[in-house]
>>> print(open('input.csv').read())   # CSV, N, CA and C atoms
chain,number,residue,atom,x,y,z
L,384,MET,N,105.7,124.9,107.6
L,384,MET,CA,106.5,123.8,108.2
L,384,MET,C,105.6,123.1,109.2
L,385,VAL,N,105.8,121.7,109.2
L,385,VAL,CA,105.0,120.9,110.1
L,385,VAL,C,105.9,120.1,111.1
L,386,LYS,N,105.3,119.8,112.2
L,386,LYS,CA,106.0,119.1,113.2
L,386,LYS,C,106.1,117.6,112.9
L,387,ILE,N,107.3,117.0,113.3
L,387,ILE,CA,107.6,115.6,113.1
L,387,ILE,C,107.0,114.8,114.3
L,388,VAL,N,106.5,113.7,114.0
L,388,VAL,CA,105.8,112.8,115.0
L,388,VAL,C,106.9,111.9,115.7
L,389,THR,N,106.8,111.7,117.0
L,389,THR,CA,107.7,110.9,117.7
L,389,THR,C,106.9,109.8,118.5
L,390,ASN,N,107.7,108.9,119.1
L,390,ASN,CA,107.1,107.8,119.9
L,390,ASN,C,106.3,108.5,121.0
L,391,GLY,N,105.1,107.9,121.3
L,391,GLY,CA,104.2,108.4,122.3
L,391,GLY,C,103.2,109.4,121.9
L,392,ALA,N,103.3,109.8,120.6
L,392,ALA,CA,102.3,110.8,120.1
L,392,ALA,C,100.9,110.2,120.3
L,393,LEU,N,99.9,111.1,120.6
L,393,LEU,CA,98.5,110.7,120.7
L,393,LEU,C,97.8,110.8,119.4
L,394,MET,N,96.9,109.8,119.2
L,394,MET,CA,96.1,109.7,118.0
L,394,MET,C,94.7,109.6,118.4
L,395,CYS,N,93.8,109.9,117.4
L,395,CYS,CA,92.4,109.7,117.6
L,395,CYS,C,91.9,109.0,116.3
L,396,CYS,N,90.7,108.3,116.4
L,396,CYS,CA,90.1,107.7,115.3
L,396,CYS,C,88.6,108.2,115.3
L,397,THR,N,88.1,108.5,114.1
L,397,THR,CA,86.8,109.1,114.0
L,397,THR,C,85.7,108.1,114.5
L,398,LEU,N,86.1,106.8,114.5
L,398,LEU,CA,85.1,105.8,115.0
L,398,LEU,C,85.5,105.2,116.4
L,399,GLY,N,86.5,105.7,117.0
L,399,GLY,CA,86.9,105.3,118.3
L,399,GLY,C,86.4,106.1,119.4
L,400,THR,N,86.4,105.6,120.7
L,400,THR,CA,85.9,106.4,121.8
L,400,THR,C,87.0,106.9,122.7
L,401,GLU,N,88.3,106.5,122.5
L,401,GLU,CA,89.4,107.0,123.3
L,401,GLU,C,90.6,107.3,122.4
L,402,GLU,N,91.5,108.1,122.9
L,402,GLU,CA,92.8,108.4,122.2
L,402,GLU,C,93.7,107.2,122.4
L,403,ALA,N,94.7,107.1,121.5
L,403,ALA,CA,95.7,106.0,121.6
L,403,ALA,C,97.1,106.5,121.4
L,404,LYS,N,98.1,105.8,121.9
L,404,LYS,CA,99.5,106.2,121.7
L,404,LYS,C,100.1,105.5,120.6
L,405,LEU,N,101.0,106.2,119.9
L,405,LEU,CA,101.8,105.5,118.8
L,405,LEU,C,103.1,105.0,119.4
L,406,THR,N,103.4,103.7,119.1
L,406,THR,CA,104.7,103.1,119.5
L,406,THR,C,105.6,102.9,118.3
L,407,VAL,N,106.7,103.6,118.3
L,407,VAL,CA,107.6,103.5,117.2
L,407,VAL,C,108.5,102.3,117.2
L,408,LEU,N,108.4,101.4,116.2
L,408,LEU,CA,109.1,100.1,116.2
L,408,LEU,C,109.9,100.0,114.8
L,409,SER,N,109.7,101.0,113.9
L,409,SER,CA,110.3,100.9,112.6
L,409,SER,C,111.8,101.2,112.5
L,410,GLN,N,112.3,101.9,113.5
L,410,GLN,CA,113.7,102.2,113.5
L,410,GLN,C,114.1,102.5,115.0
L,411,SER,N,115.4,102.4,115.3
L,411,SER,CA,115.8,102.5,116.7
L,411,SER,C,117.0,103.5,116.9
L,412,PHE,N,117.3,104.4,115.9
L,412,PHE,CA,118.4,105.2,116.0
L,412,PHE,C,118.2,106.7,115.8
L,413,ARG,N,117.1,107.1,115.1
L,413,ARG,CA,116.9,108.6,114.9
L,413,ARG,C,115.8,109.0,115.9
L,414,SER,N,116.2,110.0,116.7
L,414,SER,CA,115.3,110.5,117.8
L,414,SER,C,115.3,112.0,117.9
L,415,ILE,N,114.3,112.6,118.4
L,415,ILE,CA,114.1,114.0,118.8
L,415,ILE,C,113.7,114.1,120.2
L,416,SER,N,114.4,114.8,121.0
L,416,SER,CA,114.1,114.9,122.5
L,416,SER,C,114.0,113.6,123.1
L,417,ARG,N,114.9,112.7,122.8
L,417,ARG,CA,115.0,111.3,123.3
L,417,ARG,C,113.8,110.4,123.0
L,418,GLU,N,113.0,110.8,122.0
L,418,GLU,CA,111.9,109.9,121.5
L,418,GLU,C,112.2,109.6,120.1
L,419,LEU,N,112.0,108.3,119.7
L,419,LEU,CA,112.2,107.8,118.3
L,419,LEU,C,111.3,108.5,117.4
L,420,VAL,N,111.8,108.9,116.2
L,420,VAL,CA,111.0,109.5,115.1
L,420,VAL,C,110.1,108.4,114.4
L,421,ALA,N,108.9,108.7,114.2
L,421,ALA,CA,107.9,107.8,113.6
L,421,ALA,C,108.1,107.8,112.1
L,422,THR,N,107.9,106.7,111.5
L,422,THR,CA,107.9,106.6,110.0
L,422,THR,C,106.7,105.9,109.5
L,423,GLU,N,106.5,105.9,108.2
L,423,GLU,CA,105.4,105.3,107.5
L,423,GLU,C,105.2,103.8,107.8
L,424,GLU,N,106.3,103.2,108.3
L,424,GLU,CA,106.2,101.7,108.6
L,424,GLU,C,105.7,101.4,109.9
L,425,ASP,N,105.4,102.5,110.7
L,425,ASP,CA,104.8,102.3,112.1
L,425,ASP,C,103.3,102.3,111.8
L,426,LYS,N,102.8,101.2,111.3
L,426,LYS,CA,101.4,101.1,110.9
L,426,LYS,C,100.7,99.8,111.2
L,427,SER,N,101.2,99.1,112.2
L,427,SER,CA,100.6,97.8,112.6
L,427,SER,C,99.7,98.0,113.7
L,428,GLY,N,98.4,97.5,113.5
L,428,GLY,CA,97.4,97.6,114.6
L,428,GLY,C,97.8,96.8,115.8
L,429,LEU,N,97.7,97.4,117.0
L,429,LEU,CA,98.0,96.9,118.3
L,429,LEU,C,99.5,96.9,118.6
L,430,ASP,N,100.4,96.7,117.5
L,430,ASP,CA,101.8,96.8,117.8
L,430,ASP,C,102.3,98.3,117.8
L,431,ASN,N,101.9,99.0,116.8
L,431,ASN,CA,102.3,100.4,116.7
L,431,ASN,C,101.1,101.3,117.1
L,432,ILE,N,99.9,100.9,116.8
L,432,ILE,CA,98.7,101.8,117.1
L,432,ILE,C,97.9,101.0,118.1
L,433,SER,N,97.8,101.5,119.3
L,433,SER,CA,97.0,100.8,120.3
L,433,SER,C,95.5,101.0,120.1
L,434,SER,N,94.7,100.3,120.8
L,434,SER,CA,93.2,100.4,120.7
L,434,SER,C,92.7,101.8,121.0
L,435,PHE,N,91.6,102.1,120.2
L,435,PHE,CA,90.9,103.4,120.5
L,435,PHE,C,89.7,103.1,121.3
L,436,GLY,N,89.7,102.1,122.2
L,436,GLY,CA,88.6,101.8,123.0
L,436,GLY,C,87.5,101.0,122.4
L,437,VAL,N,86.4,101.5,122.1
L,437,VAL,CA,85.3,100.9,121.5
L,437,VAL,C,85.1,101.4,120.1
L,438,CYS,N,84.8,100.6,119.1
L,438,CYS,CA,84.7,101.0,117.7
L,438,CYS,C,83.2,101.2,117.4
L,439,LYS,N,82.9,102.4,116.9
L,439,LYS,CA,81.5,102.7,116.6
L,439,LYS,C,81.1,102.3,115.1
L,440,CYS,N,81.8,101.3,114.6
L,440,CYS,CA,81.6,100.9,113.2
L,440,CYS,C,80.3,100.1,113.0
L,441,SER,N,79.8,99.5,114.0
L,441,SER,CA,78.6,98.7,113.9
L,441,SER,C,77.9,98.6,115.3
L,442,THR,N,76.7,98.1,115.3
L,442,THR,CA,75.9,97.9,116.5
L,442,THR,C,75.7,96.4,116.7
L,443,PRO,N,76.0,95.8,117.8
L,443,PRO,CA,76.6,96.4,119.0
L,443,PRO,C,78.1,96.8,118.7
L,444,ASN,N,78.6,97.8,119.5
L,444,ASN,CA,79.9,98.3,119.3
L,444,ASN,C,81.0,97.3,119.8
L,445,PRO,N,81.8,96.8,118.9
L,445,PRO,CA,82.9,95.9,119.3
L,445,PRO,C,84.1,96.6,119.8
L,446,PRO,N,85.0,95.9,120.5
L,446,PRO,CA,86.2,96.5,120.9
L,446,PRO,C,87.0,97.0,119.7
L,447,CYS,N,87.8,98.1,119.8
L,447,CYS,CA,88.6,98.5,118.7
L,447,CYS,C,89.8,97.7,118.5
L,448,LEU,N,90.0,97.1,117.3
L,448,LEU,CA,91.2,96.4,116.9
L,448,LEU,C,91.6,97.2,115.6
L,449,PRO,N,92.5,98.2,115.7
L,449,PRO,CA,92.9,99.0,114.6
L,449,PRO,C,93.4,98.1,113.4
L,450,GLN,N,93.0,98.5,112.2
L,450,GLN,CA,93.4,97.9,111.0
L,450,GLN,C,93.9,99.0,110.0
L,451,PRO,N,95.0,99.7,110.4
L,451,PRO,CA,95.4,100.8,109.5
L,451,PRO,C,95.8,100.3,108.1
L,452,GLN,N,95.5,101.2,107.1
L,452,GLN,CA,95.8,100.9,105.7
L,452,GLN,C,97.0,101.6,105.1
L,453,GLY,N,97.8,102.2,105.9
L,453,GLY,CA,99.0,102.9,105.4
L,453,GLY,C,98.9,104.4,105.6
L,454,TRP,N,100.0,105.0,106.0
L,454,TRP,CA,100.0,106.4,106.3
L,454,TRP,C,100.0,107.3,105.0
L,455,GLN,N,99.3,108.4,105.0
L,455,GLN,CA,99.3,109.4,103.9
L,455,GLN,C,99.8,110.7,104.5
L,456,GLN,N,100.2,111.6,103.6
L,456,GLN,CA,100.7,112.9,103.9
L,456,GLN,C,101.9,112.8,104.8
L,457,THR,N,102.9,112.0,104.4
L,457,THR,CA,104.1,111.9,105.1
L,457,THR,C,105.1,112.9,104.6
L,458,THR,N,106.3,113.0,105.1
L,458,THR,CA,107.3,113.9,104.5
L,458,THR,C,107.5,113.6,103.1
L,459,GLN,N,107.8,114.6,102.3
L,459,GLN,CA,108.0,114.4,100.9
L,459,GLN,C,109.5,114.0,100.5
L,460,LYS,N,110.4,114.7,101.2
L,460,LYS,CA,111.8,114.5,100.9
L,460,LYS,C,112.6,113.8,101.9
L,461,ASP,N,112.4,114.1,103.2
L,461,ASP,CA,113.2,113.5,104.3
L,461,ASP,C,112.7,112.1,104.7
L,462,SER,N,113.7,111.2,104.8
L,462,SER,CA,113.3,109.8,105.2
L,462,SER,C,114.4,109.2,106.1
L,463,ILE,N,114.1,108.1,106.7
L,463,ILE,CA,115.0,107.4,107.5
L,463,ILE,C,115.1,106.0,106.9
L,464,ASN,N,116.3,105.7,106.3
L,464,ASN,CA,116.5,104.4,105.6
L,464,ASN,C,115.4,104.1,104.6
L,465,GLY,N,115.0,105.1,103.9
L,465,GLY,CA,114.0,105.0,102.8
L,465,GLY,C,112.6,105.1,103.3
L,466,MET,N,112.4,105.2,104.6
L,466,MET,CA,111.0,105.3,105.2
L,466,MET,C,110.7,106.7,105.4
L,467,LYS,N,109.6,107.2,104.9
L,467,LYS,CA,109.2,108.6,105.1
L,467,LYS,C,108.8,108.8,106.5
L,468,LYS,N,109.1,110.0,107.0
L,468,LYS,CA,108.7,110.4,108.4
L,468,LYS,C,107.2,110.8,108.5
L,469,LEU,N,106.6,110.6,109.6
L,469,LEU,CA,105.2,111.0,109.9
L,469,LEU,C,105.3,112.4,110.4
L,470,THR,N,104.2,113.2,110.0
L,470,THR,CA,104.1,114.6,110.5
L,470,THR,C,102.8,114.8,111.2
L,471,GLU,N,102.6,116.0,111.7
L,471,GLU,CA,101.3,116.3,112.4
L,471,GLU,C,100.1,116.2,111.4
L,472,GLN,N,100.4,116.3,110.1
L,472,GLN,CA,99.3,116.2,109.1
L,472,GLN,C,99.1,114.8,108.6
L,473,SER,N,100.0,113.9,109.0
L,473,SER,CA,99.8,112.5,108.5
L,473,SER,C,98.5,111.9,109.0
L,474,PHE,N,97.9,111.0,108.3
L,474,PHE,CA,96.7,110.2,108.7
L,474,PHE,C,96.7,108.9,108.0
L,475,CYS,N,95.9,108.0,108.5
L,475,CYS,CA,95.6,106.7,107.8
L,475,CYS,C,94.2,106.3,108.0
L,476,MET,N,93.7,105.5,107.0
L,476,MET,CA,92.3,105.0,107.1
L,476,MET,C,92.4,103.7,107.8
L,477,CYS,N,91.4,103.3,108.5
L,477,CYS,CA,91.2,102.0,109.1
L,477,CYS,C,90.3,101.2,108.2
L,478,ALA,N,90.5,99.9,108.1
L,478,ALA,CA,89.7,99.0,107.3
L,478,ALA,C,88.2,99.0,107.8
L,479,LYS,N,88.0,99.4,109.0
L,479,LYS,CA,86.6,99.5,109.6
L,479,LYS,C,85.9,100.8,109.2
L,480,GLY,N,86.7,101.8,108.5
L,480,GLY,CA,86.0,103.0,108.1
L,480,GLY,C,86.5,104.3,108.8
L,481,GLY,N,87.2,104.1,109.9
L,481,GLY,CA,87.6,105.3,110.6
L,481,GLY,C,88.8,106.0,110.0
L,482,ARG,N,89.1,107.2,110.4
L,482,ARG,CA,90.2,108.0,110.0
L,482,ARG,C,91.1,108.3,111.2
L,483,ILE,N,92.3,107.8,111.2
L,483,ILE,CA,93.3,107.9,112.3
L,483,ILE,C,94.2,109.1,112.0
L,484,SER,N,94.2,110.0,113.0
L,484,SER,CA,95.1,111.2,112.8
L,484,SER,C,95.7,111.5,114.2
L,485,PHE,N,96.6,112.5,114.2
L,485,PHE,CA,97.3,112.9,115.4
L,485,PHE,C,96.7,114.0,116.2
L,486,VAL,N,96.6,113.8,117.5
L,486,VAL,CA,96.1,114.8,118.4
L,486,VAL,C,97.3,115.7,118.8
L,487,ASP,N,98.5,115.0,119.0
L,487,ASP,CA,99.7,115.8,119.3
L,487,ASP,C,100.9,114.9,118.6
L,488,THR,N,102.0,115.5,118.6
L,488,THR,CA,103.2,114.9,117.9
L,488,THR,C,104.1,114.2,118.8
L,489,GLY,N,103.8,114.1,120.1
L,489,GLY,CA,104.8,113.6,121.0
L,489,GLY,C,105.5,114.7,121.8
L,490,SER,N,106.6,114.4,122.4
L,490,SER,CA,107.3,115.3,123.3
L,490,SER,C,108.3,116.1,122.5
L,491,ASN,N,107.9,116.7,121.4
L,491,ASN,CA,108.9,117.5,120.6
L,491,ASN,C,108.2,118.7,120.0
L,492,THR,N,109.1,119.7,119.6
L,492,THR,CA,108.6,120.8,118.9
L,492,THR,C,109.4,121.0,117.6
L,493,PHE,N,110.1,120.0,117.2
L,493,PHE,CA,110.9,120.0,115.9
L,493,PHE,C,110.0,120.1,114.7
L,494,VAL,N,110.3,121.0,113.8
L,494,VAL,CA,109.5,121.1,112.6
L,494,VAL,C,110.3,120.7,111.4
L,495,GLU,N,109.6,120.2,110.4
L,495,GLU,CA,110.2,119.8,109.1
L,495,GLU,C,110.3,121.0,108.2
L,496,SER,N,111.4,121.2,107.5
L,496,SER,CA,111.6,122.4,106.8
L,496,SER,C,111.2,122.3,105.3
L,497,GLU,N,110.4,121.2,104.9
L,497,GLU,CA,110.0,121.0,103.5
L,497,GLU,C,109.0,122.1,103.1
>>> encode(input="input.csv", output="structure tokens")
Amino acid sequence: MVKIVTNGALMCCTLGTEEAKLTVLSQSFRSISRELVATEEDKSGLDNISSFGVCKCSTPNPPCLPQPQGWQQTTQKDSINGMKKLTEQSFCMCAKGGRISFVDTGSNTFVESE
């Protein structure tokens, strides 16, 4: 069983220098511990996924402008309005070459029973 991701979850990128927070904008009604549940549609750079500081993709190192390519390893069965939920195992690749994954799932301990 894996934990479900909620608004405010911390993420890291293999090419970033800082952690970033996830902002859930894909839906406004399903929550856990008063935080909105994240879905596969929360994938927009700077809107949903804030900057990871400096990007180590090239020299000199430019500021990070996340370019996520879509979430992988989402829930298999459970969804919100057809959008699969994100879990602690979800990740996405950035167009710059980094791998974005979760450091924590937000302020919840709810687990998916799949």
>>> closest_residue(input="input.csv", among="L:Leu469, L:Glu423, L:Met476, L:Cys396", to="L:Thr488", atoms="only C-alpha atoms")
L:Leu469
>>> closest_residue(input="input.csv", among="L:Cys438, L:Ile415, L:Ile463, L:Cys477", to="L:Gln450", atoms="all atoms listed in the file")
L:Cys477
>>> residues_near_point(input="input.csv", point="(93.7, 105.7, 117.0)", cutoff="7 Å", atoms="all atoms listed in the file", output="JSON, numbers by chain")
{"L": [393, 394, 395, 396, 397, 399, 401, 402, 403, 404, 432, 433, 434, 435, 482, 483, 484]}
>>> atom_distance(input="input.csv", atom1="atom CA of L:Lys386", atom2="atom N of L:Cys447")
28.6 Å
>>> residues_around(input="input.csv", residues="L:Ser441", least_positions_apart="4", cutoff="10 Å", atoms="only C-alpha atoms", output="list in words")
Leu398, Pro445 and Lys479 of chain L
>>> select_by_dssp(input="input.csv", residues="stretch 412-478 of chain L", states="strand (DSSP E or B)", output="number ranges by chain")
L: 414-415, 418-420, 422, 428, 432, 437, 446, 451-455, 462-463, 466-468, 470, 474-477
>>> closest_residue(input="input.csv", among="L:Thr389, L:Thr400, L:Thr406, L:Thr422", to="L:Ser462", atoms="all atoms listed in the file")
L:Thr422
>>> atom_distance(input="input.csv", atom1="atom N of L:Cys475", atom2="atom CA of L:Gly453")
6.7 Å
>>> closest_residue(input="input.csv", among="L:Pro449, L:Gly391, L:Gly465, L:Gly489", to="L:Val437", atoms="only C-alpha atoms")
L:Pro449
>>> closest_residue(input="input.csv", among="L:Gly436, L:Ser473, L:Phe485, L:Ala392", to="L:Glu418", atoms="only C-alpha atoms")
L:Ala392
>>> atom_distance(input="input.csv", atom1="atom CA of L:Pro451", atom2="atom N of L:Ala478")
5.2 Å
>>> closest_residue(input="input.csv", among="L:Gly428, L:Lys468, L:Asn390, L:Thr457", to="L:Ser414", atoms="only N, CA and C atoms")
L:Asn390
